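Structure file work-v7.pdb; described as PDB, C-alpha atoms.
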```
MODEL        1
ATOM      1  CA  MET G  14     -16.816  -9.607  12.269
ATOM      2  CA  ALA G  15     -16.904 -12.767  14.398
ATOM      3  CA  GLY G  16     -13.609 -14.385  13.445
ATOM      4  CA  PRO G  17     -10.097 -12.965  13.642
ATOM      5  CA  ILE G  18      -8.552 -10.703  11.037
ATOM      6  CA  VAL G  19      -5.384 -12.385   9.798
ATOM      7  CA  VAL G  20      -2.536  -9.982   9.043
ATOM      8  CA  THR G  21       0.520 -11.232   7.165
ATOM      9  CA  GLY G  22       3.901  -9.568   7.539
ATOM     10  CA  VAL G  23       3.380  -8.471  11.159
ATOM     11  CA  ALA G  24       7.128  -8.275  11.787
ATOM     12  CA  GLY G  25       7.308  -5.491   9.209
ATOM     13  CA  LEU G  26       6.618  -1.805   9.713
ATOM     14  CA  LEU G  27       3.145  -1.661   8.164
ATOM     15  CA  GLY G  28       1.935  -5.128   9.137
ATOM     16  CA  GLY G  29       2.842  -4.566  12.761
ATOM     17  CA  ALA G  30       1.124  -1.168  12.804
ATOM     18  CA  VAL G  31      -2.019  -2.601  11.207
ATOM     19  CA  ALA G  32      -2.227  -5.494  13.669
ATOM     20  CA  ALA G  33      -1.625  -3.185  16.637
ATOM     21  CA  LEU G  34      -4.291  -0.714  15.478
ATOM     22  CA  LEU G  35      -6.911  -3.402  14.903
ATOM     23  CA  THR G  36      -6.155  -4.893  18.318
ATOM     24  CA  SER G  37      -6.512  -1.491  19.986
ATOM     25  CA  GLU G  38      -9.906  -1.093  18.291
ATOM     26  CA  GLY G  39     -11.093  -4.361  19.787
ATOM     27  CA  SER G  40     -10.731  -6.651  16.777
ATOM     28  CA  ARG G  41      -9.375 -10.157  17.159
ATOM     29  CA  VAL G  42      -6.115 -10.450  15.225
ATOM     30  CA  LEU G  43      -3.880 -13.313  14.185
ATOM     31  CA  GLY G  44      -0.474 -12.244  12.911
ATOM     32  CA  LEU G  45       1.664 -14.268  10.508
ATOM     33  CA  ASP G  46       5.300 -13.750   9.574
ATOM     34  CA  ARG G  47       8.412 -15.809   8.952
ATOM     35  CA  ARG G  48      10.082 -14.025  11.850
ATOM     36  CA  ARG G  49       8.868 -12.841  15.231
ATOM     37  CA  PRO G  50       7.785  -9.236  15.711
ATOM     38  CA  GLN G  51      10.153  -7.201  17.828
ATOM     39  CA  GLY G  52       9.143  -6.634  21.441
ATOM     40  CA  THR G  53       5.743  -7.610  22.776
ATOM     41  CA  ALA G  54       3.336  -7.950  19.895
ATOM     42  CA  GLY G  55       0.120  -7.554  21.879
ATOM     43  CA  PHE G  56      -1.712  -9.983  19.584
ATOM     44  CA  PRO G  57      -1.414 -13.720  18.787
ATOM     45  CA  PHE G  58       0.952 -14.607  15.961
ATOM     46  CA  GLU G  59       2.344 -17.666  14.251
ATOM     47  CA  ILE G  60       5.602 -18.234  12.411
ATOM     48  CA  ASP G  61       4.700 -18.841   8.765
ATOM     49  CA  ASP G  62       6.593 -18.065   5.554
ATOM     50  CA  LEU G  63       3.379 -18.269   3.472
ATOM     51  CA  SER G  64       4.912 -20.946   1.234
ATOM     52  CA  ASP G  65       2.290 -23.631   1.881
ATOM     53  CA  ALA G  66      -1.270 -22.846   0.788
ATOM     54  CA  GLY G  67      -2.577 -25.891   2.669
ATOM     55  CA  VAL G  68      -1.138 -24.671   5.968
ATOM     56  CA  LEU G  69      -2.483 -21.191   5.277
ATOM     57  CA  THR G  70      -5.954 -22.579   4.612
ATOM     58  CA  ARG G  71      -6.014 -24.015   8.126
ATOM     59  CA  ARG G  72      -4.738 -20.744   9.575
ATOM     60  CA  PHE G  73      -7.447 -18.804   7.702
ATOM     61  CA  ASP G  74     -10.292 -21.100   8.769
ATOM     62  CA  GLY G  75     -13.004 -18.940  10.349
ATOM     63  CA  ALA G  76     -11.186 -15.674   9.625
ATOM     64  CA  ALA G  77     -13.302 -12.575   9.069
ATOM     65  CA  ALA G  78     -10.765 -11.108   6.644
ATOM     66  CA  VAL G  79      -7.143 -11.312   5.531
ATOM     67  CA  ILE G  80      -4.823  -8.314   5.196
ATOM     68  CA  HIS G  81      -1.800  -9.296   3.121
ATOM     69  CA  CYS G  82       1.110  -6.982   3.944
ATOM     70  CA  ALA G  83       3.992  -9.471   3.665
ATOM     71  CA  ALA G  84       6.504  -8.897   0.853
ATOM     72  CA  ILE G  85      10.140  -8.248   0.110
ATOM     73  CA  ALA G  86       9.625  -4.520  -0.124
ATOM     74  CA  ARG G  87      12.924  -3.018  -1.263
ATOM     75  CA  LEU G  88      14.961  -3.743  -4.363
ATOM     76  CA  GLY G  89      18.229  -3.927  -2.448
ATOM     77  CA  ASP G  90      16.959  -6.562  -0.009
ATOM     78  CA  ALA G  91      17.275  -9.472  -2.471
ATOM     79  CA  PRO G  92      18.022 -10.204  -6.148
ATOM     80  CA  GLU G  93      15.244  -9.143  -8.488
ATOM     81  CA  ALA G  94      14.307 -12.704  -9.422
ATOM     82  CA  GLU G  95      13.883 -13.590  -5.735
ATOM     83  CA  ILE G  96      11.805 -10.482  -5.049
ATOM     84  CA  PHE G  97       9.469 -11.305  -7.913
ATOM     85  CA  SER G  98       9.124 -15.011  -7.187
ATOM     86  CA  ASN G  99       8.672 -14.521  -3.430
ATOM     87  CA  ASN G 100       6.111 -11.740  -3.686
ATOM     88  CA  THR G 101       3.996 -13.312  -6.413
ATOM     89  CA  ALA G 102       4.102 -16.872  -5.028
ATOM     90  CA  THR G 103       3.154 -15.821  -1.508
ATOM     91  CA  THR G 104       0.325 -13.659  -2.814
ATOM     92  CA  MET G 105      -1.012 -16.559  -4.863
ATOM     93  CA  ASN G 106      -0.808 -18.848  -1.834
ATOM     94  CA  VAL G 107      -2.594 -16.323   0.377
ATOM     95  CA  VAL G 108      -5.372 -15.782  -2.166
ATOM     96  CA  LEU G 109      -5.899 -19.491  -2.837
ATOM     97  CA  ALA G 110      -5.924 -20.269   0.880
ATOM     98  CA  ALA G 111      -8.406 -17.479   1.572
ATOM     99  CA  GLU G 112     -10.696 -18.858  -1.122
ATOM    100  CA  ALA G 113     -10.391 -22.411   0.209
ATOM    101  CA  ALA G 114     -11.068 -21.313   3.785
ATOM    102  CA  GLY G 115     -14.194 -19.394   2.810
ATOM    103  CA  VAL G 116     -12.809 -15.947   3.694
ATOM    104  CA  LYS G 117     -15.002 -13.253   2.162
ATOM    105  CA  ARG G 118     -12.680 -10.197   2.171
ATOM    106  CA  LEU G 119      -8.992  -9.831   1.346
ATOM    107  CA  LEU G 120      -7.039  -6.584   1.442
ATOM    108  CA  TYR G 121      -3.866  -6.631  -0.623
ATOM    109  CA  VAL G 122      -1.127  -4.114   0.141
ATOM    110  CA  SER G 123       0.165  -2.997  -3.231
ATOM    111  CA  SER G 124       2.423  -0.082  -4.104
ATOM    112  CA  GLN G 125       2.720   3.108  -6.109
ATOM    113  CA  SER G 126       5.686   1.285  -7.679
ATOM    114  CA  ALA G 127       3.267  -0.859  -9.692
ATOM    115  CA  LEU G 128       2.861   2.136 -12.018
ATOM    116  CA  GLY G 129       6.523   2.059 -13.058
ATOM    117  CA  LEU G 130       7.208   5.677 -12.118
ATOM    118  CA  ALA G 131       8.731   5.681  -8.627
ATOM    119  CA  TYR G 132      11.599   3.269  -9.391
ATOM    120  CA  ALA G 133      12.208   4.295 -12.987
ATOM    121  CA  PRO G 134      15.864   4.978 -13.893
ATOM    122  CA  ARG G 135      14.919   8.542 -14.782
ATOM    123  CA  VAL G 136      11.903  10.773 -14.246
ATOM    124  CA  VAL G 137       9.026   9.508 -16.364
ATOM    125  CA  THR G 138       6.350  12.081 -17.147
ATOM    126  CA  PRO G 139       2.915  10.770 -16.182
ATOM    127  CA  ASP G 140       0.355  10.417 -18.960
ATOM    128  CA  TYR G 141      -1.839  12.941 -17.136
ATOM    129  CA  LEU G 142      -2.222  14.657 -13.778
ATOM    130  CA  PRO G 143      -3.134  13.809 -11.159
ATOM    131  CA  VAL G 144      -1.935  10.214 -11.181
ATOM    132  CA  ASP G 145      -4.993   8.192 -10.213
ATOM    133  CA  GLU G 146      -5.901   4.505 -10.138
ATOM    134  CA  ALA G 147      -6.685   4.450 -13.870
ATOM    135  CA  HIS G 148      -3.199   5.594 -14.893
ATOM    136  CA  PRO G 149      -1.443   2.965 -17.046
ATOM    137  CA  ALA G 150       0.924   0.686 -15.126
ATOM    138  CA  ARG G 151       4.281   0.044 -16.807
ATOM    139  CA  PRO G 152       6.674  -1.285 -14.140
ATOM    140  CA  LEU G 153      10.376  -1.334 -14.963
ATOM    141  CA  GLU G 154      11.706  -3.492 -12.130
ATOM    142  CA  ALA G 155      10.839  -6.656 -10.235
ATOM    143  CA  TYR G 156       9.259  -5.164  -7.129
ATOM    144  CA  GLY G 157       6.792  -2.982  -9.014
ATOM    145  CA  LEU G 158       6.011  -5.836 -11.388
ATOM    146  CA  SER G 159       5.424  -8.211  -8.477
ATOM    147  CA  LYS G 160       2.921  -5.784  -6.982
ATOM    148  CA  LEU G 161       1.097  -5.382 -10.289
ATOM    149  CA  VAL G 162       0.948  -9.162 -10.737
ATOM    150  CA  GLY G 163      -0.341  -9.437  -7.165
ATOM    151  CA  GLU G 164      -3.180  -7.098  -8.079
ATOM    152  CA  GLY G 165      -3.899  -9.348 -11.050
ATOM    153  CA  ILE G 166      -4.041 -12.405  -8.792
ATOM    154  CA  CYS G 167      -6.554 -10.640  -6.565
ATOM    155  CA  GLU G 168      -8.626  -9.568  -9.558
ATOM    156  CA  MET G 169      -8.614 -13.164 -10.833
ATOM    157  CA  ALA G 170      -9.965 -14.400  -7.497
ATOM    158  CA  ALA G 171     -12.611 -11.672  -7.440
ATOM    159  CA  ARG G 172     -13.799 -12.710 -10.917
ATOM    160  CA  ARG G 173     -14.273 -16.249  -9.644
ATOM    161  CA  GLY G 174     -16.794 -14.857  -7.187
ATOM    162  CA  ARG G 175     -15.687 -16.401  -3.903
ATOM    163  CA  LEU G 176     -13.484 -13.620  -2.540
ATOM    164  CA  ALA G 177     -13.887  -9.834  -2.605
ATOM    165  CA  CYS G 178     -10.492  -8.147  -2.911
ATOM    166  CA  LEU G 179      -9.310  -4.591  -2.435
ATOM    167  CA  ALA G 180      -5.817  -3.437  -3.339
ATOM    168  CA  ILE G 181      -4.194  -0.381  -1.783
ATOM    169  CA  ARG G 182      -1.325   1.390  -3.528
ATOM    170  CA  PHE G 183       0.877   3.164  -1.011
ATOM    171  CA  PRO G 184       3.741   5.541  -1.791
ATOM    172  CA  VAL G 185       6.653   5.630   0.650
ATOM    173  CA  ILE G 186       5.422   5.083   4.209
ATOM    174  CA  TRP G 187       7.036   7.400   6.742
ATOM    175  CA  HIS G 188       7.305   6.651  10.458
ATOM    176  CA  GLU G 189       7.336   9.558  12.894
ATOM    177  CA  ALA G 190      10.129   7.900  14.896
ATOM    178  CA  ALA G 191      12.403   8.260  11.849
ATOM    179  CA  PHE G 192      11.390  11.817  10.946
ATOM    180  CA  ALA G 193      14.877  13.147  10.179
ATOM    181  CA  GLU G 194      15.847  10.093   8.142
ATOM    182  CA  CYS G 195      12.646  10.048   6.090
ATOM    183  CA  THR G 196      12.575  13.744   5.286
ATOM    184  CA  GLY G 197      16.340  13.903   4.759
ATOM    185  CA  ARG G 198      16.237  11.270   2.026
ATOM    186  CA  ARG G 199      13.517  13.142   0.166
ATOM    187  CA  LEU G 200      15.050  16.597   0.632
ATOM    188  CA  GLY G 201      18.391  15.294  -0.577
ATOM    189  CA  ASN G 202      17.009  13.767  -3.758
ATOM    190  CA  GLU G 203      14.653  16.043  -5.685
ATOM    191  CA  THR G 204      14.686  13.691  -8.667
ATOM    192  CA  GLN G 205      13.265  10.878  -6.555
ATOM    193  CA  ALA G 206      10.626  13.250  -5.249
ATOM    194  CA  ALA G 207       9.480  13.873  -8.835
ATOM    195  CA  LYS G 208       9.533  10.150  -9.654
ATOM    196  CA  SER G 209       7.294   9.552  -6.639
ATOM    197  CA  GLN G 210       4.993  12.497  -7.442
ATOM    198  CA  TRP G 211       6.080  14.167  -4.173
ATOM    199  CA  ALA G 212       3.881  11.609  -2.390
ATOM    200  CA  TYR G 213       4.128   9.968   1.027
ATOM    201  CA  VAL G 214       1.873   8.616   3.735
ATOM    202  CA  ASP G 215       2.326   8.633   7.488
ATOM    203  CA  LEU G 216       2.440   5.140   9.027
ATOM    204  CA  ARG G 217      -0.547   5.954  11.237
ATOM    205  CA  ASP G 218      -2.619   6.908   8.219
ATOM    206  CA  ALA G 219      -1.456   3.841   6.302
ATOM    207  CA  ALA G 220      -2.530   1.529   9.125
ATOM    208  CA  ARG G 221      -5.873   3.301   9.497
ATOM    209  CA  ALA G 222      -6.480   3.036   5.753
ATOM    210  CA  CYS G 223      -6.060  -0.732   5.970
ATOM    211  CA  ALA G 224      -8.523  -0.923   8.846
ATOM    212  CA  VAL G 225     -11.061   1.261   7.036
ATOM    213  CA  ALA G 226     -10.729  -0.674   3.764
ATOM    214  CA  THR G 227     -11.153  -4.017   5.524
ATOM    215  CA  ARG G 228     -14.499  -2.884   6.951
ATOM    216  CA  ALA G 229     -15.741  -0.908   3.938
ATOM    217  CA  SER G 230     -18.697  -1.891   1.784
ATOM    218  CA  VAL G 231     -17.482  -1.872  -1.814
ATOM    219  CA  VAL G 232     -19.846  -2.803  -4.632
ATOM    220  CA  GLU G 233     -17.243  -4.111  -7.070
ATOM    221  CA  PRO G 234     -15.571  -7.438  -6.181
ATOM    222  CA  PHE G 235     -12.144  -5.975  -7.007
ATOM    223  CA  ARG G 236     -11.107  -2.362  -6.554
ATOM    224  CA  VAL G 237      -7.790  -0.494  -6.403
ATOM    225  CA  PHE G 238      -7.269   2.547  -4.173
ATOM    226  CA  ASN G 239      -4.398   4.999  -3.903
ATOM    227  CA  ILE G 240      -3.674   6.007  -0.328
ATOM    228  CA  ALA G 241      -1.455   9.037   0.283
ATOM    229  CA  ALA G 242      -1.346  12.351   2.084
ATOM    230  CA  PRO G 243      -3.167  15.032   0.076
ATOM    231  CA  TRP G 244      -0.280  17.457   0.688
ATOM    232  CA  PRO G 245       2.789  17.051  -1.555
ATOM    233  CA  PHE G 246       5.998  17.095   0.480
ATOM    234  CA  HIS G 247       8.498  19.932  -0.168
ATOM    235  CA  MET G 248       6.869  21.462  -3.218
ATOM    236  CA  PRO G 249       7.024  25.209  -2.439
ATOM    237  CA  ASP G 250       6.446  26.213  -6.073
ATOM    238  CA  PRO G 251       4.293  23.439  -7.551
ATOM    239  CA  ALA G 252       3.939  24.942 -11.037
ATOM    240  CA  ASP G 253       7.699  25.350 -11.371
ATOM    241  CA  ALA G 254       8.446  21.832 -10.079
ATOM    242  CA  LEU G 255       5.936  20.232 -12.418
ATOM    243  CA  ALA G 256       7.238  22.147 -15.435
ATOM    244  CA  ARG G 257      10.865  21.407 -14.556
ATOM    245  CA  TYR G 258      10.421  17.650 -14.190
ATOM    246  CA  TYR G 259       7.379  16.831 -16.334
ATOM    247  CA  GLY G 260       7.332  19.598 -18.936
ATOM    248  CA  ASP G 261       4.549  22.014 -19.809
ATOM    249  CA  GLU G 262       2.315  19.785 -21.906
ATOM    250  CA  VAL G 263       1.025  17.161 -19.466
ATOM    251  CA  PRO G 264      -2.788  16.917 -19.689
ATOM    252  CA  THR G 265      -4.660  17.603 -16.469
ATOM    253  CA  ARG G 266      -8.014  16.296 -15.314
ATOM    254  CA  ALA G 267     -10.867  18.696 -14.695
ATOM    255  CA  GLY G 268     -10.770  20.336 -11.283
ATOM    256  CA  TRP G 269      -7.099  19.606 -10.591
ATOM    257  CA  THR G 270      -4.606  22.437 -10.141
ATOM    258  CA  SER G 271      -0.891  22.532  -9.337
ATOM    259  CA  GLY G 272      -0.530  22.416  -5.592
ATOM    260  CA  ASP G 273      -3.045  19.595  -5.267
ATOM    261  CA  ALA G 274      -1.735  16.076  -4.641
ATOM    262  CA  VAL G 275       0.002  14.786  -7.762
ATOM    263  CA  PHE G 276      -0.625  11.171  -6.651
ATOM    264  CA  SER G 277      -4.360  11.318  -6.048
ATOM    265  CA  ALA G 278      -6.212   9.511  -3.251
ATOM    266  CA  LYS G 279      -9.604  11.044  -4.034
ATOM    267  CA  ARG G 280     -11.181   7.681  -4.828
ATOM    268  CA  ALA G 281     -10.461   6.466  -1.293
ATOM    269  CA  HIS G 282     -12.031   9.638   0.092
ATOM    270  CA  SER G 283     -15.179   9.361  -1.981
ATOM    271  CA  GLU G 284     -15.690   5.580  -1.825
ATOM    272  CA  LEU G 285     -14.124   4.544   1.494
ATOM    273  CA  GLY G 286     -14.586   7.757   3.439
ATOM    274  CA  PHE G 287     -10.853   7.793   4.153
ATOM    275  CA  ARG G 288      -8.646  10.869   4.173
ATOM    276  CA  ALA G 289      -5.120  11.070   5.580
ATOM    277  CA  GLU G 290      -4.686  13.228   8.684
ATOM    278  CA  TRP G 291      -0.929  13.543   9.139
ATOM    279  CA  GLN G 292       0.849  16.226   7.110
ATOM    280  CA  TRP G 293       4.657  16.174   7.009
ATOM    281  CA  GLY G 294       6.676  19.347   6.651
ATOM    282  CA  GLU G 295      10.391  19.922   6.694
ATOM    283  CA  GLU G 296      10.390  20.755  10.407
ATOM    284  CA  ALA G 297       7.376  18.996  11.903
ATOM    285  CA  ILE G 298       4.356  16.763  11.450
ATOM    286  CA  ILE G 299       0.938  18.370  11.764
ATOM    287  CA  ARG G 300      -2.321  16.560  12.371
ATOM    288  CA  ASN G 301      -5.238  17.792  10.285
ATOM    289  CA  ALA G 302      -8.110  16.031  12.018
TER     290      ALA G 302
ENDMDL
END
```

Could you write out this structure as structure tokens?
Amino acid sequence: MAGPIVVTGVAGLLGGAVAALLTSEGSRVLGLDRRRPQGTAGFPFEIDDLSDAGVLTRRFDGAAAVIHCAAIARLGDAPEAEIFSNNTATTMNVVLAAEAAGVKRLLYVSSQSALGLAYAPRVVTPDYLPVDEAHPARPLEAYGLSKLVGEGICEMAARRGRLACLAIRFPVIWHEAAFAECTGRRLGNETQAAKSQWAYVDLRDAARACAVATRASVVEPFRVFNIAAPWPFHMPDPADALARYYGDEVPTRAGWTSGDAVFSAKRAHSELGFRAEWQWGEEAIIRNA
């Protein structure tokens, strides 16, 4: 790739990790965010709130790819109407600007929340197990809906034939520096664990997945991928947990057994060659290289 990879949201946890990883691998990176990254970024960045597609078009000129991480990512960070309008408008601006600038590849950071399960007011039994990319999406709140609409914007652009788009659905992203906080929240809320299909992804794996997806050769102009650790967190008796929260009658796909990941990232493994390496336990993180 001759031009820079533009990463939006570089002041955030994932965007900053993605930009830092790409830089360490030797890629040219341009970071965009409405606020400055903390500390020394290690890569060029510009202050941009992504509200002006014309300005973005100039920023994207000559870019090899765009990785769109920027979003209001938590329901409590703003009113629902603001979350929805911000996330969908900025995604539309980014996509239109990428098209106008002649960018050929865009990676959109979506969310498991687009399915409507993780932020549901109660545990919703999946239609089948494992939960893969084909599972119906029925979001019940503004953040999940904004991510689903963002996927639709990317698919629209891909249909127009000028921009290939990949969307990655992440579950909760855990940072090793906040090990006790991350695991404590999950261990203290078993209901939320069931809503989220006991899924998580280590920040290092999440950043690497973005790098891999940006470089990958994908035949279809639009494709969605789940990215998650293949090891459910704190599920010592999988059959009991599944029966307790989902019931005994959930259909299962051939080859899947309780104990396997409930939120499946097998498509990413088979089509992108990506598999998470960092496994979180209650006491430690283990690398499965």

Tell me, counting only C-alpha atoms, for each residue of stretch 180-235 of chain G within 10 Å of stretch 248-261 of chain G, which pair of atoms is nearest and how far apart they are in Å to one decimal, in rows ordered by chain and increasing number, as JSON lines.
```
{"residue": "G:Glu203", "atom": "CA", "partner": "G:Ala254", "partner_atom": "CA", "distance": 9.6}
{"residue": "G:Thr204", "atom": "CA", "partner": "G:Tyr258", "partner_atom": "CA", "distance": 8.0}
{"residue": "G:Ala206", "atom": "CA", "partner": "G:Met248", "partner_atom": "CA", "distance": 9.3}
{"residue": "G:Ala207", "atom": "CA", "partner": "G:Tyr258", "partner_atom": "CA", "distance": 6.6}
{"residue": "G:Lys208", "atom": "CA", "partner": "G:Tyr258", "partner_atom": "CA", "distance": 8.8}
{"residue": "G:Gln210", "atom": "CA", "partner": "G:Leu255", "partner_atom": "CA", "distance": 9.2}
{"residue": "G:Trp211", "atom": "CA", "partner": "G:Met248", "partner_atom": "CA", "distance": 7.4}
```

Hits from the PyMOL selection byres ((chain G and resi 18-24) around 9), listed as an MDAnalysis selection string:
chainID G and resid 14 16:17 25:32 35 40:51 54 58 61 63 72:73 76:84

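Restricting the calculation to all atoms listed in the file, the smallest distance between G:Val185 and any of G:Lys279, G:Val122, G:Leu109, G:Val214 is found for G:Val214.
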
Please list as JSON, numbers by chain every residue within 8 Å of G:Thr227, counting all atoms listed in the file and excluding residues in the same chain fewer than 2 positions away.
{"G": [78, 80, 118, 119, 120, 223, 224, 225, 229]}

Would you mind exporting C-alpha atoms of the selected residues as a tab-separated table (two decimals), in the frame of the given file?
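Wrote selection.tsv, looks like this:
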```tsv
chain	number	residue	atom	x	y	z
G	78	ALA	CA	-10.76	-11.11	6.64
G	80	ILE	CA	-4.82	-8.31	5.20
G	118	ARG	CA	-12.68	-10.20	2.17
G	119	LEU	CA	-8.99	-9.83	1.35
G	120	LEU	CA	-7.04	-6.58	1.44
G	223	CYS	CA	-6.06	-0.73	5.97
G	224	ALA	CA	-8.52	-0.92	8.85
G	225	VAL	CA	-11.06	1.26	7.04
G	229	ALA	CA	-15.74	-0.91	3.94
```

Listed atoms of stretch 258-274 of chain G, axis-aligned box, 6 Å per side: centre and edge lengths to one decimal in Å, as AutoDock Vina command-line options?
```
--center_x -0.2 --center_y 19.3 --center_z -13.3 --size_x 33.3 --size_y 18.5 --size_z 29.3
```

Go ahead and find all residues with at least one atom no further than 9 Å from (-2.7, -14.4, -10.0) in the file's coordinates, using only C-alpha atoms; report them as an MDAnalysis selection string.
chainID G and resid 101:102 104:105 108 162:170

Here is a test: counting all atoms listed in the file, which residue of G:Asp218, G:Asp140, G:Glu284, G:Glu146 is nearest to G:Gln125?
G:Glu146

Across G:Ile299, G:Ala155, G:Ala131, G:Leu200, the smallest distance to G:Pro184, with all atoms listed in the file counted, is shown by G:Ala131

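Selection check: the PyMOL selection byres ((chain G and resi 280-283) around 10) on the shown file gives Asp145, Glu146, Ile181, Ala222, Val225, Ala226, Val237, Phe238, Asn239, Ile240, Ala241, Ser277, Ala278, Lys279, Glu284, Leu285, Gly286, Phe287, Arg288 and Ala289 of chain G.
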
Store the residues of this selection in a file with C-alpha atoms, as a PDB file, in the coordinates of the input.
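In the end it all went to again-v7.pdb:
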```pdb
ATOM      1  CA  ASP G 145      -4.993   8.192 -10.213  1.00  0.00           C
ATOM      2  CA  GLU G 146      -5.901   4.505 -10.138  1.00  0.00           C
ATOM      3  CA  ILE G 181      -4.194  -0.381  -1.783  1.00  0.00           C
ATOM      4  CA  ALA G 222      -6.480   3.036   5.753  1.00  0.00           C
ATOM      5  CA  VAL G 225     -11.061   1.261   7.036  1.00  0.00           C
ATOM      6  CA  ALA G 226     -10.729  -0.674   3.764  1.00  0.00           C
ATOM      7  CA  VAL G 237      -7.790  -0.494  -6.403  1.00  0.00           C
ATOM      8  CA  PHE G 238      -7.269   2.547  -4.173  1.00  0.00           C
ATOM      9  CA  ASN G 239      -4.398   4.999  -3.903  1.00  0.00           C
ATOM     10  CA  ILE G 240      -3.674   6.007  -0.328  1.00  0.00           C
ATOM     11  CA  ALA G 241      -1.455   9.037   0.283  1.00  0.00           C
ATOM     12  CA  SER G 277      -4.360  11.318  -6.048  1.00  0.00           C
ATOM     13  CA  ALA G 278      -6.212   9.511  -3.251  1.00  0.00           C
ATOM     14  CA  LYS G 279      -9.604  11.044  -4.034  1.00  0.00           C
ATOM     15  CA  GLU G 284     -15.690   5.580  -1.825  1.00  0.00           C
ATOM     16  CA  LEU G 285     -14.124   4.544   1.494  1.00  0.00           C
ATOM     17  CA  GLY G 286     -14.586   7.757   3.439  1.00  0.00           C
ATOM     18  CA  PHE G 287     -10.853   7.793   4.153  1.00  0.00           C
ATOM     19  CA  ARG G 288      -8.646  10.869   4.173  1.00  0.00           C
ATOM     20  CA  ALA G 289      -5.120  11.070   5.580  1.00  0.00           C
TER      21      ALA G 289
END
```
